[in-house]
Amino acid sequence: MPTFVERTALKGIVKFAKREFREKKPSGVRVLRVKDEVVFTKGGPIPSITVKQTQIPYYLVVLDYGDMYRLYKFKKDGELFHGENVEKQSDKMKQIEKSTKVEYKIP
């Protein structure tokens with residue numbers, strides 16, 4: 001279960017995403033949470049021990065502008081620390097799609 005800080009951070013990030021959608025008029029906005037990465041697994045077909053590592057960035061806000069995306073990266077406590085433009089068909093976006101979960105979406 002997420003802690004209080006994580007829940008309040010997500011609320012702030014969703015508020016940021018709504019403001020970006022209202023002001024910059026992209027075709028869509030998604031708030032994504034980066035899944036934990038498995039570092040170590042011990043056991044047979046059903047692992048008895050699994051060690052996971054939290055990734056940085058923890059949240060992504062993706063603005064869809066047709067042929068490119070604008071990515072904003074947030075830490076676990078909701079602090080914005082980086083923004084960049086990424087081509088829609090790039091390998092980076094394919095990796096992001098595989099390793100994230102949608103937390104909030106604006107059409």
# chains A, B, ... in the order shown; residues from 1 in each chain; ligands from 1

$ residues_around --residues "stretch 32-34 of chain A" --least-positions-apart "5" --cutoff "10 Å" --atoms "only C-alpha atoms" --output "short mmCIF file (atom, residue, chain, number, x, y, z; two decimals) with C-alpha atoms, in the first residue's frame"
data_model
loop_
_atom_site.label_atom_id
_atom_site.label_comp_id
_atom_site.auth_asym_id
_atom_site.auth_seq_id
_atom_site.Cartn_x
_atom_site.Cartn_y
_atom_site.Cartn_z
CA LEU A 10 0.61 11.56 -7.06
CA THR A 54 12.70 1.26 -7.12
CA GLN A 55 13.53 3.16 -10.28
CA ILE A 56 14.28 6.85 -10.67
CA PRO A 57 12.26 8.53 -12.14
CA TYR A 58 9.28 7.13 -10.26
CA TYR A 59 6.56 9.01 -12.19
CA LEU A 60 6.40 10.25 -15.79
CA VAL A 61 3.99 12.74 -17.31
CA VAL A 62 3.73 12.17 -21.07
CA LYS A 73 10.19 13.04 -14.94
CA PHE A 74 9.31 13.16 -11.25
CA LYS A 76 8.97 9.54 -5.68
CA ILE A 96 8.94 3.27 -21.40
CA GLU A 97 5.72 1.62 -22.60
CA LYS A 98 6.95 -1.80 -21.37
CA SER A 99 8.22 -0.67 -17.99
CA THR A 100 5.38 1.61 -16.80
CA LYS A 101 1.82 1.46 -15.53
CA VAL A 102 -0.83 4.11 -16.28
CA GLU A 103 -1.96 5.95 -13.14
CA TYR A 104 -4.04 8.71 -14.75
CA LYS A 105 -5.09 9.53 -18.30
#

$ residues_around --residues "A:Phe40" --least-positions-apart "6" --cutoff "8 Å" --atoms "only C-alpha atoms" --output "list in words"
Ile49, Thr50, Val51 and Lys52 of chain A

$ select_by_dssp --residues "chain A" --states "strand (DSSP E or B)" --output "PyMOL selection string"
chain A and resi 28-34+37-43+47-53+59-64+68-74+80-87+100-106

$ write_last_selection --atoms "N, CA and C atoms" --output "short mmCIF file (atom, residue, chain, number, x, y, z; two decimals), in the first residue's frame"
data_model
loop_
_atom_site.label_atom_id
_atom_site.label_comp_id
_atom_site.auth_asym_id
_atom_site.auth_seq_id
_atom_site.Cartn_x
_atom_site.Cartn_y
_atom_site.Cartn_z
N GLY A 28 -3.26 14.40 -25.83
CA GLY A 28 -3.47 13.51 -24.70
C GLY A 28 -2.37 13.65 -23.66
N VAL A 29 -2.72 13.32 -22.42
CA VAL A 29 -1.75 13.37 -21.32
C VAL A 29 -1.91 12.09 -20.50
N ARG A 30 -0.78 11.47 -20.15
CA ARG A 30 -0.80 10.29 -19.29
C ARG A 30 0.19 10.48 -18.15
N VAL A 31 -0.22 10.04 -16.97
CA VAL A 31 0.67 9.99 -15.82
C VAL A 31 1.02 8.52 -15.64
N LEU A 32 2.31 8.20 -15.71
CA LEU A 32 2.78 6.82 -15.64
C LEU A 32 3.63 6.62 -14.40
N ARG A 33 3.52 5.43 -13.80
CA ARG A 33 4.38 5.04 -12.69
C ARG A 33 5.35 3.99 -13.21
N VAL A 34 6.61 4.18 -12.98
CA VAL A 34 7.63 3.23 -13.42
C VAL A 34 7.61 2.03 -12.50
N GLU A 37 12.13 -2.69 -10.74
CA GLU A 37 12.94 -3.60 -11.53
C GLU A 37 13.42 -4.75 -10.64
N VAL A 38 13.29 -6.00 -11.15
CA VAL A 38 13.75 -7.16 -10.40
C VAL A 38 15.27 -7.22 -10.48
N VAL A 39 15.91 -7.23 -9.30
CA VAL A 39 17.36 -7.27 -9.22
C VAL A 39 17.86 -8.69 -9.01
N PHE A 40 17.13 -9.47 -8.18
CA PHE A 40 17.59 -10.80 -7.81
C PHE A 40 16.38 -11.69 -7.56
N THR A 41 16.43 -12.93 -8.08
CA THR A 41 15.38 -13.92 -7.83
C THR A 41 16.03 -15.23 -7.46
N LYS A 42 15.53 -15.87 -6.41
CA LYS A 42 16.07 -17.13 -5.93
C LYS A 42 14.92 -18.12 -5.80
N GLY A 43 15.07 -19.30 -6.34
CA GLY A 43 14.05 -20.32 -6.20
C GLY A 43 13.79 -21.02 -7.52
N PRO A 47 9.38 -18.43 -7.51
CA PRO A 47 10.48 -17.84 -6.74
C PRO A 47 10.14 -17.69 -5.26
N SER A 48 11.06 -18.10 -4.41
CA SER A 48 10.86 -17.96 -2.97
C SER A 48 11.34 -16.61 -2.46
N ILE A 49 12.32 -16.02 -3.16
CA ILE A 49 12.85 -14.71 -2.78
C ILE A 49 12.96 -13.86 -4.04
N THR A 50 12.42 -12.68 -3.99
CA THR A 50 12.55 -11.73 -5.09
C THR A 50 12.92 -10.38 -4.51
N VAL A 51 14.00 -9.79 -5.01
CA VAL A 51 14.44 -8.47 -4.57
C VAL A 51 14.20 -7.50 -5.72
N LYS A 52 13.47 -6.43 -5.44
CA LYS A 52 13.16 -5.42 -6.45
C LYS A 52 13.77 -4.09 -6.05
N GLN A 53 14.07 -3.29 -7.07
CA GLN A 53 14.67 -1.98 -6.84
C GLN A 53 13.75 -0.91 -7.42
N TYR A 59 7.75 8.64 -11.41
CA TYR A 59 6.56 9.01 -12.19
C TYR A 59 6.99 9.72 -13.46
N LEU A 60 6.21 9.54 -14.53
CA LEU A 60 6.40 10.25 -15.79
C LEU A 60 5.08 10.90 -16.18
N VAL A 61 5.15 12.10 -16.69
CA VAL A 61 3.99 12.74 -17.31
C VAL A 61 4.33 12.85 -18.79
N VAL A 62 3.48 12.24 -19.63
CA VAL A 62 3.73 12.17 -21.07
C VAL A 62 2.67 13.01 -21.78
N LEU A 63 3.12 14.04 -22.50
CA LEU A 63 2.23 14.88 -23.30
C LEU A 63 2.36 14.46 -24.76
N ASP A 64 1.25 14.15 -25.42
CA ASP A 64 1.26 13.67 -26.80
C ASP A 64 1.01 14.83 -27.75
N MET A 68 5.61 13.61 -31.72
CA MET A 68 6.58 13.56 -30.62
C MET A 68 5.88 13.60 -29.28
N TYR A 69 6.61 13.21 -28.25
CA TYR A 69 6.12 13.25 -26.87
C TYR A 69 6.98 14.21 -26.08
N ARG A 70 6.37 14.87 -25.10
CA ARG A 70 7.11 15.66 -24.12
C ARG A 70 7.04 14.89 -22.81
N LEU A 71 8.19 14.52 -22.26
CA LEU A 71 8.27 13.74 -21.03
C LEU A 71 8.71 14.64 -19.88
N TYR A 72 7.99 14.56 -18.78
CA TYR A 72 8.41 15.20 -17.53
C TYR A 72 8.65 14.08 -16.53
N LYS A 73 9.81 14.09 -15.89
CA LYS A 73 10.19 13.04 -14.94
C LYS A 73 10.11 13.59 -13.52
N PHE A 74 9.50 12.78 -12.64
CA PHE A 74 9.31 13.16 -11.25
C PHE A 74 9.93 12.12 -10.33
N LEU A 80 9.70 17.55 -9.55
CA LEU A 80 10.06 17.53 -10.96
C LEU A 80 11.56 17.72 -11.08
N PHE A 81 12.22 16.82 -11.86
CA PHE A 81 13.65 17.01 -11.99
C PHE A 81 14.15 16.98 -13.42
N HIS A 82 13.31 16.69 -14.42
CA HIS A 82 13.81 16.68 -15.79
C HIS A 82 12.64 16.69 -16.76
N GLY A 83 12.83 17.31 -17.91
CA GLY A 83 11.87 17.29 -19.00
C GLY A 83 12.61 17.18 -20.31
N GLU A 84 12.03 16.44 -21.27
CA GLU A 84 12.69 16.27 -22.56
C GLU A 84 11.66 15.92 -23.63
N ASN A 85 12.05 16.15 -24.89
CA ASN A 85 11.24 15.76 -26.04
C ASN A 85 11.76 14.45 -26.59
N VAL A 86 10.83 13.54 -26.96
CA VAL A 86 11.20 12.22 -27.47
C VAL A 86 10.35 11.94 -28.71
N GLU A 87 10.99 11.38 -29.73
CA GLU A 87 10.27 10.98 -30.94
C GLU A 87 9.30 9.85 -30.60
N THR A 100 6.20 0.68 -17.58
CA THR A 100 5.38 1.61 -16.80
C THR A 100 3.94 1.13 -16.68
N LYS A 101 3.23 1.73 -15.75
CA LYS A 101 1.82 1.46 -15.53
C LYS A 101 1.08 2.80 -15.53
N VAL A 102 -0.07 2.87 -16.19
CA VAL A 102 -0.83 4.11 -16.28
C VAL A 102 -1.54 4.37 -14.95
N GLU A 103 -1.30 5.53 -14.37
CA GLU A 103 -1.96 5.95 -13.14
C GLU A 103 -3.12 6.90 -13.40
N TYR A 104 -3.00 7.73 -14.44
CA TYR A 104 -4.04 8.71 -14.75
C TYR A 104 -3.93 9.03 -16.23
N LYS A 105 -5.08 9.28 -16.87
CA LYS A 105 -5.09 9.53 -18.30
C LYS A 105 -6.14 10.57 -18.64
N ILE A 106 -5.75 11.54 -19.46
CA ILE A 106 -6.67 12.55 -19.99
C ILE A 106 -6.72 12.35 -21.49
#

$ residues_around --residues "A:Glu6" --least-positions-apart "5" --cutoff "9 Å" --atoms "only C-alpha atoms" --output "PyMOL selection string"
chain A and resi 11+76-78

$ write_last_selection --atoms "N, CA and C atoms" --output "compact mmCIF listing (two decimals), in the first residue's frame"
# COMPACT_ATOMS: atom_id res chain seq x y z
N LYS A 11 -1.14 13.06 -6.27
CA LYS A 11 -2.17 14.09 -6.43
C LYS A 11 -1.58 15.36 -7.03
N LYS A 76 10.02 10.21 -6.45
CA LYS A 76 8.97 9.54 -5.68
C LYS A 76 8.19 10.50 -4.80
N ASP A 77 8.84 11.57 -4.35
CA ASP A 77 8.15 12.55 -3.50
C ASP A 77 7.42 13.62 -4.30
N GLY A 78 7.40 13.53 -5.63
CA GLY A 78 6.65 14.44 -6.47
C GLY A 78 7.45 15.62 -6.98

$ select_by_dssp --residues "chain A" --states "alpha helix (DSSP H)" --output "list in words"
Phe4, Val5, Glu6, Arg7, Thr8, Ala9, Leu10, Lys11, Gly12, Ile13, Val14, Lys15, Phe16, Ala17, Lys18, Arg19, Glu20, Phe21, Arg22, Glu23, Lys24, Asp91, Lys92, Met93, Lys94, Gln95, Ile96, Glu97 and Lys98 of chain A

$ write_last_selection --atoms "N, CA and C atoms" --output "short mmCIF file (atom, residue, chain, number, x, y, z; two decimals), in the first residue's frame"
data_model
loop_
_atom_site.label_atom_id
_atom_site.label_comp_id
_atom_site.auth_asym_id
_atom_site.auth_seq_id
_atom_site.Cartn_x
_atom_site.Cartn_y
_atom_site.Cartn_z
N PHE A 4 1.63 7.78 2.68
CA PHE A 4 0.96 9.07 2.59
C PHE A 4 1.71 10.02 1.65
N VAL A 5 3.03 10.04 1.72
CA VAL A 5 3.82 10.94 0.88
C VAL A 5 3.63 10.59 -0.59
N GLU A 6 3.62 9.29 -0.92
CA GLU A 6 3.43 8.88 -2.31
C GLU A 6 2.05 9.28 -2.82
N ARG A 7 1.03 9.13 -1.99
CA ARG A 7 -0.33 9.48 -2.41
C ARG A 7 -0.47 10.99 -2.64
N THR A 8 0.09 11.78 -1.76
CA THR A 8 0.01 13.23 -1.94
C THR A 8 0.86 13.67 -3.13
N ALA A 9 1.99 12.99 -3.36
CA ALA A 9 2.84 13.30 -4.51
C ALA A 9 2.08 13.02 -5.80
N LEU A 10 1.37 11.90 -5.86
CA LEU A 10 0.61 11.56 -7.06
C LEU A 10 -0.49 12.58 -7.32
N LYS A 11 -1.14 13.06 -6.27
CA LYS A 11 -2.17 14.09 -6.43
C LYS A 11 -1.58 15.36 -7.03
N GLY A 12 -0.40 15.75 -6.57
CA GLY A 12 0.27 16.94 -7.10
C GLY A 12 0.68 16.76 -8.55
N ILE A 13 1.13 15.55 -8.90
CA ILE A 13 1.54 15.27 -10.28
C ILE A 13 0.32 15.28 -11.21
N VAL A 14 -0.79 14.73 -10.75
CA VAL A 14 -2.03 14.75 -11.55
C VAL A 14 -2.49 16.19 -11.75
N LYS A 15 -2.37 17.02 -10.73
CA LYS A 15 -2.73 18.44 -10.85
C LYS A 15 -1.83 19.12 -11.89
N PHE A 16 -0.53 18.79 -11.88
CA PHE A 16 0.41 19.31 -12.87
C PHE A 16 -0.01 18.87 -14.28
N ALA A 17 -0.39 17.60 -14.44
CA ALA A 17 -0.80 17.06 -15.74
C ALA A 17 -2.06 17.76 -16.25
N LYS A 18 -3.02 18.01 -15.37
CA LYS A 18 -4.25 18.72 -15.77
C LYS A 18 -3.94 20.14 -16.22
N ARG A 19 -3.03 20.81 -15.50
CA ARG A 19 -2.66 22.17 -15.87
C ARG A 19 -1.95 22.20 -17.23
N GLU A 20 -1.05 21.25 -17.47
CA GLU A 20 -0.36 21.16 -18.76
C GLU A 20 -1.35 20.91 -19.89
N PHE A 21 -2.35 20.05 -19.66
CA PHE A 21 -3.36 19.76 -20.67
C PHE A 21 -4.19 21.00 -20.98
N ARG A 22 -4.54 21.75 -19.95
CA ARG A 22 -5.36 22.94 -20.12
C ARG A 22 -4.58 24.07 -20.80
N GLU A 23 -3.30 24.24 -20.47
CA GLU A 23 -2.53 25.36 -20.99
C GLU A 23 -1.88 25.08 -22.34
N LYS A 24 -1.32 23.89 -22.55
CA LYS A 24 -0.54 23.61 -23.75
C LYS A 24 -1.30 22.87 -24.84
N ASP A 91 13.20 4.03 -29.67
CA ASP A 91 13.39 2.87 -28.80
C ASP A 91 13.13 3.25 -27.34
N LYS A 92 13.42 4.48 -26.98
CA LYS A 92 13.21 4.93 -25.60
C LYS A 92 11.73 4.85 -25.24
N MET A 93 10.84 5.26 -26.16
CA MET A 93 9.41 5.20 -25.88
C MET A 93 8.91 3.76 -25.80
N LYS A 94 9.47 2.88 -26.60
CA LYS A 94 9.08 1.47 -26.53
C LYS A 94 9.45 0.89 -25.16
N GLN A 95 10.63 1.25 -24.66
CA GLN A 95 11.07 0.80 -23.34
C GLN A 95 10.19 1.38 -22.24
N ILE A 96 9.81 2.63 -22.39
CA ILE A 96 8.94 3.27 -21.40
C ILE A 96 7.58 2.59 -21.37
N GLU A 97 7.02 2.28 -22.53
CA GLU A 97 5.72 1.62 -22.60
C GLU A 97 5.74 0.26 -21.89
N LYS A 98 6.84 -0.47 -22.01
CA LYS A 98 6.95 -1.80 -21.37
C LYS A 98 7.15 -1.72 -19.87
#
